[in-house]
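Engineer: First the structure, then my questions, so here it is.
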Amino acid sequence: MELTLALVLLLGCASTYGHASDLPSGIERCAIMDEQCLENGVNFVLRNFAKSGIKELGLIPLDPLHVKKFKIGRNPHSPVNIDLSFHEMDILGLHQGVAKRVSGFTNDLSRSIELVMDVPEIGVRGPYSVDGRILILPITGKGNADIRLTRTKVRALIKFKRVSKGDHQTYAEVVDIKVELDPSHVTYHLENLFNGQKDLSENMHALINENWKDIFNELKPGIGEAFGLIAKSVLDRIFGKLPLEQLFVV
């Protein structure tokens, strides 16, 4: 489900591999097409700054990543037809992520940038609300959620366009983002299902945890769309602050 939220932080990290003279030491300023340097930079930021953020880049802390609101609407054509929302939630574990590929950067930003990461465990915790039907059975609840994604591969495709602002000042603007999360396993725990009715709650937890993959796959499009919007706001804040000439060797 909203586990996919983890994805946001990967995207935030992908944009911080460049460096200006006043950035924290250890962040290498890469040639824009040097994929190995960019991959190393993403991993350096994840290891050293995921929990603190980087103020100079406008990068917020990524672990935990605090999300004020996240919502997936009903899909009457899906066996998982629910209104699912979270507020004031945290995504944890992303600092353990490892970038496996950062590719597609060119001087004219004509190609989509691909970011692929492996994350050992992603936790999603916070208040939730759900109403609808899962695999023909009704579900309703409001309380705290604890959702765990294990061994998750995250893939993001990001399309930028160049925006010129004055002499030798070129910025990147996000025009499209597609995000996919592929966990090896998902565990759901939702407090106060059916107003705390124990038997109904236990039966529903058994259903959603035994069928975790089918449920996750049905929610994937909504998760990807919501995460794309969140990721765009993170990336626009970073790339709107520093020009490409300052972030990269171009």
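By convention in this document, the chains of the structure tokens carry letters A, B, ... by their order, each chain's residues are numbered from 1, and ligands are numbered from 1 in the order they are shown.
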Report as a list in words all protein, DNA and RNA residues lying within 8 Å of Thr170 (chain A), evaluated on only C-alpha atoms, omitting residues in the same chain fewer than 6 positions from it.

Structural biologist: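 My list of contacting residues is Arg162, Val163, Ser164, Pro243, Leu244 and Glu245 of chain A.
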
Engineer: Write out the residues from the selection above, keeping all heavy atoms, as a PDB file, in the first residue's frame.

Structural biologist:
```pdb
ATOM      1  N   ARG A 162      15.168  21.911 -19.331  1.00  0.00           N
ATOM      2  CA  ARG A 162      16.090  22.995 -18.996  1.00  0.00           C
ATOM      3  C   ARG A 162      15.348  24.325 -18.960  1.00  0.00           C
ATOM      4  O   ARG A 162      14.513  24.611 -19.827  1.00  0.00           O
ATOM      5  CB  ARG A 162      17.222  23.072 -20.025  1.00  0.00           C
ATOM      6  CG  ARG A 162      18.168  21.888 -19.990  1.00  0.00           C
ATOM      7  CD  ARG A 162      19.107  21.904 -21.189  1.00  0.00           C
ATOM      8  NE  ARG A 162      19.961  23.076 -21.188  1.00  0.00           N
ATOM      9  CZ  ARG A 162      21.183  23.111 -20.660  1.00  0.00           C
ATOM     10  NH1 ARG A 162      21.677  22.023 -20.081  1.00  0.00           N
ATOM     11  NH2 ARG A 162      21.910  24.199 -20.703  1.00  0.00           N
ATOM     12  N   VAL A 163      15.661  25.137 -17.954  1.00  0.00           N
ATOM     13  CA  VAL A 163      15.081  26.476 -17.834  1.00  0.00           C
ATOM     14  C   VAL A 163      16.227  27.459 -17.644  1.00  0.00           C
ATOM     15  O   VAL A 163      16.966  27.388 -16.665  1.00  0.00           O
ATOM     16  CB  VAL A 163      14.105  26.563 -16.636  1.00  0.00           C
ATOM     17  CG1 VAL A 163      13.550  27.978 -16.525  1.00  0.00           C
ATOM     18  CG2 VAL A 163      12.979  25.551 -16.789  1.00  0.00           C
ATOM     19  N   SER A 164      16.404  28.383 -18.597  1.00  0.00           N
ATOM     20  CA  SER A 164      17.485  29.365 -18.534  1.00  0.00           C
ATOM     21  C   SER A 164      17.043  30.582 -17.742  1.00  0.00           C
ATOM     22  O   SER A 164      15.942  31.106 -17.945  1.00  0.00           O
ATOM     23  CB  SER A 164      17.914  29.790 -19.939  1.00  0.00           C
ATOM     24  OG  SER A 164      18.448  28.679 -20.650  1.00  0.00           O
ATOM     25  N   PRO A 243      21.653  26.165  -9.826  1.00  0.00           N
ATOM     26  CA  PRO A 243      21.736  25.895 -11.274  1.00  0.00           C
ATOM     27  C   PRO A 243      22.582  24.657 -11.553  1.00  0.00           C
ATOM     28  O   PRO A 243      23.404  24.245 -10.735  1.00  0.00           O
ATOM     29  CB  PRO A 243      22.412  27.158 -11.825  1.00  0.00           C
ATOM     30  CG  PRO A 243      23.206  27.678 -10.680  1.00  0.00           C
ATOM     31  CD  PRO A 243      22.424  27.358  -9.435  1.00  0.00           C
ATOM     32  N   LEU A 244      22.371  24.075 -12.723  1.00  0.00           N
ATOM     33  CA  LEU A 244      23.133  22.887 -13.119  1.00  0.00           C
ATOM     34  C   LEU A 244      24.620  23.150 -13.110  1.00  0.00           C
ATOM     35  O   LEU A 244      25.417  22.266 -12.788  1.00  0.00           O
ATOM     36  CB  LEU A 244      22.685  22.418 -14.515  1.00  0.00           C
ATOM     37  CG  LEU A 244      21.238  21.942 -14.639  1.00  0.00           C
ATOM     38  CD1 LEU A 244      20.936  21.563 -16.087  1.00  0.00           C
ATOM     39  CD2 LEU A 244      20.956  20.785 -13.704  1.00  0.00           C
ATOM     40  N   GLU A 245      25.025  24.388 -13.484  1.00  0.00           N
ATOM     41  CA  GLU A 245      26.451  24.721 -13.538  1.00  0.00           C
ATOM     42  C   GLU A 245      27.092  24.650 -12.145  1.00  0.00           C
ATOM     43  O   GLU A 245      28.312  24.493 -12.048  1.00  0.00           O
ATOM     44  CB  GLU A 245      26.633  26.131 -14.122  1.00  0.00           C
ATOM     45  CG  GLU A 245      26.245  26.265 -15.584  1.00  0.00           C
ATOM     46  CD  GLU A 245      24.744  26.469 -15.777  1.00  0.00           C
ATOM     47  OE1 GLU A 245      23.995  26.550 -14.757  1.00  0.00           O
ATOM     48  OE2 GLU A 245      24.312  26.535 -16.939  1.00  0.00           O
TER      49      GLU A 245
END
```

Engineer: Using only C-alpha atoms, can you tell me which of A:Gly240, A:Gly224, A:Pro64, A:Gly73 comes closest to Phe49 (chain A)?

Structural biologist: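 Smallest distance to Phe49 (chain A) is found for A:Pro64.
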
Engineer: Near Gly58 (chain A), counting only C-alpha atoms, which residues have an atom at most 9 Å away, once you skip same-chain residues fewer than 5 positions from it, shown as an NGL selection string?

Structural biologist: :A and (53 or 234 or 237-239 or 241)

Engineer: Under the rule that only C-alpha atoms are counted, which of A:Asn203, A:Gln246, A:Gln96, A:Asn192 is the nearest residue to Thr150 (chain A)?

Structural biologist: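 Distance minimum relative to Thr150 (chain A) lands on A:Gln96.
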
Engineer: Pull the alpha helix (DSSP H) assignments for region 87-250 of chain A out of DSSP run on the backbone, and list those residues as a PDB file with N, CA and C atoms, in the first residue's frame.

Structural biologist:
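See result_1.pdb below for the written result:
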```
ATOM      1  N   LYS A 198     -12.492  -7.688  17.545  1.00  0.00           N
ATOM      2  CA  LYS A 198     -11.310  -8.545  17.449  1.00  0.00           C
ATOM      3  C   LYS A 198     -11.419  -9.598  16.361  1.00  0.00           C
ATOM      4  N   ASP A 199     -12.538 -10.328  16.320  1.00  0.00           N
ATOM      5  CA  ASP A 199     -12.666 -11.417  15.343  1.00  0.00           C
ATOM      6  C   ASP A 199     -12.602 -10.885  13.908  1.00  0.00           C
ATOM      7  N   LEU A 200     -13.338  -9.803  13.647  1.00  0.00           N
ATOM      8  CA  LEU A 200     -13.336  -9.235  12.300  1.00  0.00           C
ATOM      9  C   LEU A 200     -11.945  -8.700  11.936  1.00  0.00           C
ATOM     10  N   SER A 201     -11.283  -8.073  12.904  1.00  0.00           N
ATOM     11  CA  SER A 201      -9.946  -7.532  12.664  1.00  0.00           C
ATOM     12  C   SER A 201      -8.950  -8.652  12.369  1.00  0.00           C
ATOM     13  N   GLU A 202      -8.983  -9.719  13.157  1.00  0.00           N
ATOM     14  CA  GLU A 202      -8.052 -10.823  12.942  1.00  0.00           C
ATOM     15  C   GLU A 202      -8.275 -11.482  11.589  1.00  0.00           C
ATOM     16  N   ASN A 203      -9.546 -11.645  11.204  1.00  0.00           N
ATOM     17  CA  ASN A 203      -9.848 -12.251   9.894  1.00  0.00           C
ATOM     18  C   ASN A 203      -9.348 -11.373   8.748  1.00  0.00           C
ATOM     19  N   MET A 204      -9.540 -10.059   8.884  1.00  0.00           N
ATOM     20  CA  MET A 204      -9.092  -9.163   7.821  1.00  0.00           C
ATOM     21  C   MET A 204      -7.566  -9.118   7.746  1.00  0.00           C
ATOM     22  N   HIS A 205      -6.891  -9.102   8.895  1.00  0.00           N
ATOM     23  CA  HIS A 205      -5.429  -9.117   8.872  1.00  0.00           C
ATOM     24  C   HIS A 205      -4.901 -10.398   8.230  1.00  0.00           C
ATOM     25  N   ALA A 206      -5.547 -11.514   8.512  1.00  0.00           N
ATOM     26  CA  ALA A 206      -5.137 -12.770   7.879  1.00  0.00           C
ATOM     27  C   ALA A 206      -5.312 -12.677   6.365  1.00  0.00           C
ATOM     28  N   LEU A 207      -6.419 -12.088   5.929  1.00  0.00           N
ATOM     29  CA  LEU A 207      -6.693 -11.963   4.500  1.00  0.00           C
ATOM     30  C   LEU A 207      -5.671 -11.073   3.807  1.00  0.00           C
ATOM     31  N   ILE A 208      -5.430  -9.882   4.366  1.00  0.00           N
ATOM     32  CA  ILE A 208      -4.558  -8.940   3.661  1.00  0.00           C
ATOM     33  C   ILE A 208      -3.087  -9.358   3.733  1.00  0.00           C
ATOM     34  N   ASN A 209      -2.695 -10.054   4.781  1.00  0.00           N
ATOM     35  CA  ASN A 209      -1.304 -10.494   4.864  1.00  0.00           C
ATOM     36  C   ASN A 209      -1.041 -11.756   4.049  1.00  0.00           C
ATOM     37  N   GLU A 210      -2.050 -12.628   3.928  1.00  0.00           N
ATOM     38  CA  GLU A 210      -1.889 -13.804   3.069  1.00  0.00           C
ATOM     39  C   GLU A 210      -1.911 -13.414   1.592  1.00  0.00           C
ATOM     40  N   TRP A 212      -0.928 -10.350   0.393  1.00  0.00           N
ATOM     41  CA  TRP A 212      -0.248  -9.062   0.366  1.00  0.00           C
ATOM     42  C   TRP A 212       0.164  -8.633  -1.042  1.00  0.00           C
ATOM     43  N   LYS A 213       0.609  -9.591  -1.838  1.00  0.00           N
ATOM     44  CA  LYS A 213       1.130  -9.240  -3.166  1.00  0.00           C
ATOM     45  C   LYS A 213       0.015  -8.778  -4.092  1.00  0.00           C
ATOM     46  N   ASP A 214      -1.090  -9.486  -4.114  1.00  0.00           N
ATOM     47  CA  ASP A 214      -2.215  -9.089  -4.966  1.00  0.00           C
ATOM     48  C   ASP A 214      -2.726  -7.708  -4.562  1.00  0.00           C
ATOM     49  N   ILE A 215      -2.825  -7.476  -3.257  1.00  0.00           N
ATOM     50  CA  ILE A 215      -3.323  -6.191  -2.766  1.00  0.00           C
ATOM     51  C   ILE A 215      -2.355  -5.067  -3.137  1.00  0.00           C
ATOM     52  N   PHE A 216      -1.074  -5.293  -2.916  1.00  0.00           N
ATOM     53  CA  PHE A 216      -0.076  -4.276  -3.239  1.00  0.00           C
ATOM     54  C   PHE A 216      -0.097  -3.945  -4.728  1.00  0.00           C
ATOM     55  N   ASN A 217      -0.174  -4.971  -5.579  1.00  0.00           N
ATOM     56  CA  ASN A 217      -0.174  -4.747  -7.023  1.00  0.00           C
ATOM     57  C   ASN A 217      -1.394  -3.968  -7.482  1.00  0.00           C
ATOM     58  N   GLU A 218      -2.532  -4.207  -6.859  1.00  0.00           N
ATOM     59  CA  GLU A 218      -3.740  -3.467  -7.225  1.00  0.00           C
ATOM     60  C   GLU A 218      -3.629  -1.993  -6.865  1.00  0.00           C
ATOM     61  N   LEU A 219      -2.911  -1.691  -5.799  1.00  0.00           N
ATOM     62  CA  LEU A 219      -2.779  -0.308  -5.344  1.00  0.00           C
ATOM     63  C   LEU A 219      -1.605   0.420  -5.998  1.00  0.00           C
ATOM     64  N   LYS A 220      -0.786  -0.303  -6.741  1.00  0.00           N
ATOM     65  CA  LYS A 220       0.435   0.276  -7.316  1.00  0.00           C
ATOM     66  C   LYS A 220       0.213   1.554  -8.142  1.00  0.00           C
ATOM     67  N   PRO A 221      -0.770   1.580  -9.052  1.00  0.00           N
ATOM     68  CA  PRO A 221      -0.937   2.809  -9.855  1.00  0.00           C
ATOM     69  C   PRO A 221      -1.224   4.038  -8.999  1.00  0.00           C
ATOM     70  N   GLY A 222      -2.104   3.899  -8.023  1.00  0.00           N
ATOM     71  CA  GLY A 222      -2.419   5.028  -7.155  1.00  0.00           C
ATOM     72  C   GLY A 222      -1.241   5.445  -6.304  1.00  0.00           C
ATOM     73  N   ILE A 223      -0.488   4.455  -5.835  1.00  0.00           N
ATOM     74  CA  ILE A 223       0.700   4.757  -5.033  1.00  0.00           C
ATOM     75  C   ILE A 223       1.741   5.491  -5.875  1.00  0.00           C
ATOM     76  N   GLY A 224       1.967   4.988  -7.078  1.00  0.00           N
ATOM     77  CA  GLY A 224       2.959   5.617  -7.950  1.00  0.00           C
ATOM     78  C   GLY A 224       2.602   7.059  -8.289  1.00  0.00           C
ATOM     79  N   GLU A 225       1.330   7.301  -8.559  1.00  0.00           N
ATOM     80  CA  GLU A 225       0.894   8.657  -8.896  1.00  0.00           C
ATOM     81  C   GLU A 225       1.079   9.600  -7.703  1.00  0.00           C
ATOM     82  N   ALA A 226       0.657   9.153  -6.526  1.00  0.00           N
ATOM     83  CA  ALA A 226       0.790   9.994  -5.330  1.00  0.00           C
ATOM     84  C   ALA A 226       2.255  10.254  -5.010  1.00  0.00           C
ATOM     85  N   PHE A 227       3.064   9.220  -5.136  1.00  0.00           N
ATOM     86  CA  PHE A 227       4.478   9.390  -4.839  1.00  0.00           C
ATOM     87  C   PHE A 227       5.183  10.279  -5.832  1.00  0.00           C
ATOM     88  N   GLY A 228       4.739  10.212  -7.088  1.00  0.00           N
ATOM     89  CA  GLY A 228       5.318  11.107  -8.081  1.00  0.00           C
ATOM     90  C   GLY A 228       5.114  12.566  -7.730  1.00  0.00           C
ATOM     91  N   LEU A 229       3.923  12.902  -7.236  1.00  0.00           N
ATOM     92  CA  LEU A 229       3.637  14.285  -6.852  1.00  0.00           C
ATOM     93  C   LEU A 229       4.514  14.722  -5.681  1.00  0.00           C
ATOM     94  N   ILE A 230       4.667  13.820  -4.701  1.00  0.00           N
ATOM     95  CA  ILE A 230       5.508  14.150  -3.548  1.00  0.00           C
ATOM     96  C   ILE A 230       6.961  14.317  -3.978  1.00  0.00           C
ATOM     97  N   ALA A 231       7.430  13.388  -4.805  1.00  0.00           N
ATOM     98  CA  ALA A 231       8.822  13.443  -5.256  1.00  0.00           C
ATOM     99  C   ALA A 231       9.089  14.704  -6.069  1.00  0.00           C
ATOM    100  N   LYS A 232       8.120  15.105  -6.899  1.00  0.00           N
ATOM    101  CA  LYS A 232       8.301  16.313  -7.708  1.00  0.00           C
ATOM    102  C   LYS A 232       8.512  17.537  -6.819  1.00  0.00           C
ATOM    103  N   SER A 233       7.763  17.623  -5.728  1.00  0.00           N
ATOM    104  CA  SER A 233       7.913  18.783  -4.848  1.00  0.00           C
ATOM    105  C   SER A 233       9.297  18.792  -4.192  1.00  0.00           C
ATOM    106  N   VAL A 234       9.818  17.597  -3.855  1.00  0.00           N
ATOM    107  CA  VAL A 234      11.148  17.507  -3.258  1.00  0.00           C
ATOM    108  C   VAL A 234      12.215  17.918  -4.270  1.00  0.00           C
ATOM    109  N   LEU A 235      12.128  17.393  -5.483  1.00  0.00           N
ATOM    110  CA  LEU A 235      13.148  17.670  -6.494  1.00  0.00           C
ATOM    111  C   LEU A 235      13.101  19.111  -6.970  1.00  0.00           C
ATOM    112  N   ASP A 236      11.888  19.659  -7.144  1.00  0.00           N
ATOM    113  CA  ASP A 236      11.786  21.049  -7.600  1.00  0.00           C
ATOM    114  C   ASP A 236      12.419  22.002  -6.601  1.00  0.00           C
ATOM    115  N   ARG A 237      12.321  21.654  -5.318  1.00  0.00           N
ATOM    116  CA  ARG A 237      12.903  22.521  -4.294  1.00  0.00           C
ATOM    117  C   ARG A 237      14.435  22.538  -4.420  1.00  0.00           C
ATOM    118  N   ILE A 238      15.009  21.380  -4.765  1.00  0.00           N
ATOM    119  CA  ILE A 238      16.467  21.294  -4.879  1.00  0.00           C
ATOM    120  C   ILE A 238      16.953  21.904  -6.192  1.00  0.00           C
ATOM    121  N   PHE A 239      16.381  21.458  -7.311  1.00  0.00           N
ATOM    122  CA  PHE A 239      16.847  21.938  -8.609  1.00  0.00           C
ATOM    123  C   PHE A 239      16.418  23.367  -8.890  1.00  0.00           C
ATOM    124  N   LEU A 244      22.371  24.075 -12.723  1.00  0.00           N
ATOM    125  CA  LEU A 244      23.133  22.887 -13.119  1.00  0.00           C
ATOM    126  C   LEU A 244      24.620  23.150 -13.110  1.00  0.00           C
ATOM    127  N   GLU A 245      25.025  24.388 -13.484  1.00  0.00           N
ATOM    128  CA  GLU A 245      26.451  24.721 -13.538  1.00  0.00           C
ATOM    129  C   GLU A 245      27.092  24.650 -12.145  1.00  0.00           C
ATOM    130  N   GLN A 246      26.291  24.781 -11.112  1.00  0.00           N
ATOM    131  CA  GLN A 246      26.819  24.704  -9.744  1.00  0.00           C
ATOM    132  C   GLN A 246      26.751  23.289  -9.202  1.00  0.00           C
ATOM    133  N   LEU A 247      25.780  22.533  -9.664  1.00  0.00           N
ATOM    134  CA  LEU A 247      25.613  21.156  -9.172  1.00  0.00           C
ATOM    135  C   LEU A 247      26.560  20.169  -9.860  1.00  0.00           C
TER     136      LEU A 247
END
```

Engineer: Give me the residues within 7 Å of Phe248 (chain A) as an mmCIF file with N, CA and C atoms, in the first residue's frame, counting only C-alpha atoms and dropping any in the same chain fewer than 6 places off.

Structural biologist:
```cif
data_model
loop_
_atom_site.group_PDB
_atom_site.id
_atom_site.type_symbol
_atom_site.label_atom_id
_atom_site.label_comp_id
_atom_site.auth_asym_id
_atom_site.auth_seq_id
_atom_site.Cartn_x
_atom_site.Cartn_y
_atom_site.Cartn_z
ATOM 1 N N GLY A 18 25.468 16.459 -6.769
ATOM 2 C CA GLY A 18 26.344 17.545 -7.149
ATOM 3 C C GLY A 18 26.850 18.277 -5.922
ATOM 4 N N ARG A 29 31.498 16.741 -6.716
ATOM 5 C CA ARG A 29 30.860 17.420 -7.853
ATOM 6 C C ARG A 29 31.168 16.620 -9.108
ATOM 7 N N CYS A 30 30.142 16.006 -9.674
ATOM 8 C CA CYS A 30 30.336 15.054 -10.767
ATOM 9 C C CYS A 30 30.140 15.698 -12.132
ATOM 10 N N ALA A 31 30.807 15.118 -13.121
ATOM 11 C CA ALA A 31 30.427 15.409 -14.497
ATOM 12 C C ALA A 31 29.010 14.878 -14.697
ATOM 13 N N ILE A 32 28.198 15.619 -15.419
ATOM 14 C CA ILE A 32 26.780 15.309 -15.478
ATOM 15 C C ILE A 32 26.492 13.939 -16.096
#
```

Engineer: Using only C-alpha atoms, which of the listed residues (A:Gly41, A:Ser52, A:Thr106, A:Leu190) sits closest to Ile139 (chain A)?

Structural biologist: A:Leu190

Engineer: Could you work out how far CA of Asp90 (chain A) lies from CA of Ile54 (chain A), giving the answer in Å with one decimal?

Structural biologist: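 Computed distance, CA of Ile54 (chain A) to CA of Asp90 (chain A), equals 18.8 Å.
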
Engineer: Extract, using only C-alpha atoms, all DNA, RNA and protein residues at most 6 Å from Met117 (chain A), discarding same-chain residues fewer than 2 positions from it, and format them as a PDB file with C-alpha atoms, in the first residue's frame.

Structural biologist:
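Done, and the output landed in result26.pdb:
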```pdb
ATOM      1  CA  VAL A  98      21.693   1.445  -1.816  1.00  0.00           C
ATOM      2  CA  ALA A  99      21.604   3.015  -5.263  1.00  0.00           C
ATOM      3  CA  LYS A 100      22.280   0.439  -7.976  1.00  0.00           C
ATOM      4  CA  LYS A 153      13.509  -2.481  -5.282  1.00  0.00           C
ATOM      5  CA  VAL A 154      12.646   1.109  -6.121  1.00  0.00           C
TER       6      VAL A 154
END
```

Engineer: List the spatial neighbours of Asp108 (chain A) as a list in words - criterion: any atom at most 10 Å away, only C-alpha atoms, same-chain residues fewer than 3 positions off excluded.

Structural biologist: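 Residues meeting the cut-off are Phe105, Arg111, Phe160, Lys161, Arg162, Ala172 and Val250 of chain A.
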
Engineer: Given only C-alpha atoms as the basis, pick out the residue of A:Leu193, A:Ala145, A:Val42, A:Leu115 nearest to Leu157 (chain A).

Structural biologist: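 The closest residue to Leu157 (chain A) is A:Leu115.
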
Engineer: Neighbours of Phe44 (chain A) within 9 Å (only C-alpha atoms; same-chain residues fewer than 5 positions away dropped), as a ChimeraX atom specification?

Structural biologist: /A:17,26-27,39,49

Engineer: For Gly141 (chain A), which residue among A:Glu28, A:Glu191, A:Asp34, A:Glu56 is the nearest when counting only C-alpha atoms?

Structural biologist: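 Of A:Glu28, A:Glu191, A:Asp34, A:Glu56, the one nearest Gly141 (chain A), counting only C-alpha atoms, is A:Glu191.
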
Engineer: Choose the residue, out of A:Val186, A:Val116, A:Val102, A:Leu46, that has the smallest atom-to-atom separation from Arg148 (chain A); count only C-alpha atoms.

Structural biologist: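 Under the stated criterion, the closest residue is A:Val186.
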
Engineer: I need the residues in region 22-220 of chain A that are strand (DSSP E) according to DSSP; give them as a count of residues only.

Structural biologist: 98

Engineer: Just the number, please: distance in Å from CA of Arg151 (chain A) to CA of Gly97 (chain A), one decimal.

Structural biologist: 9.7 Å
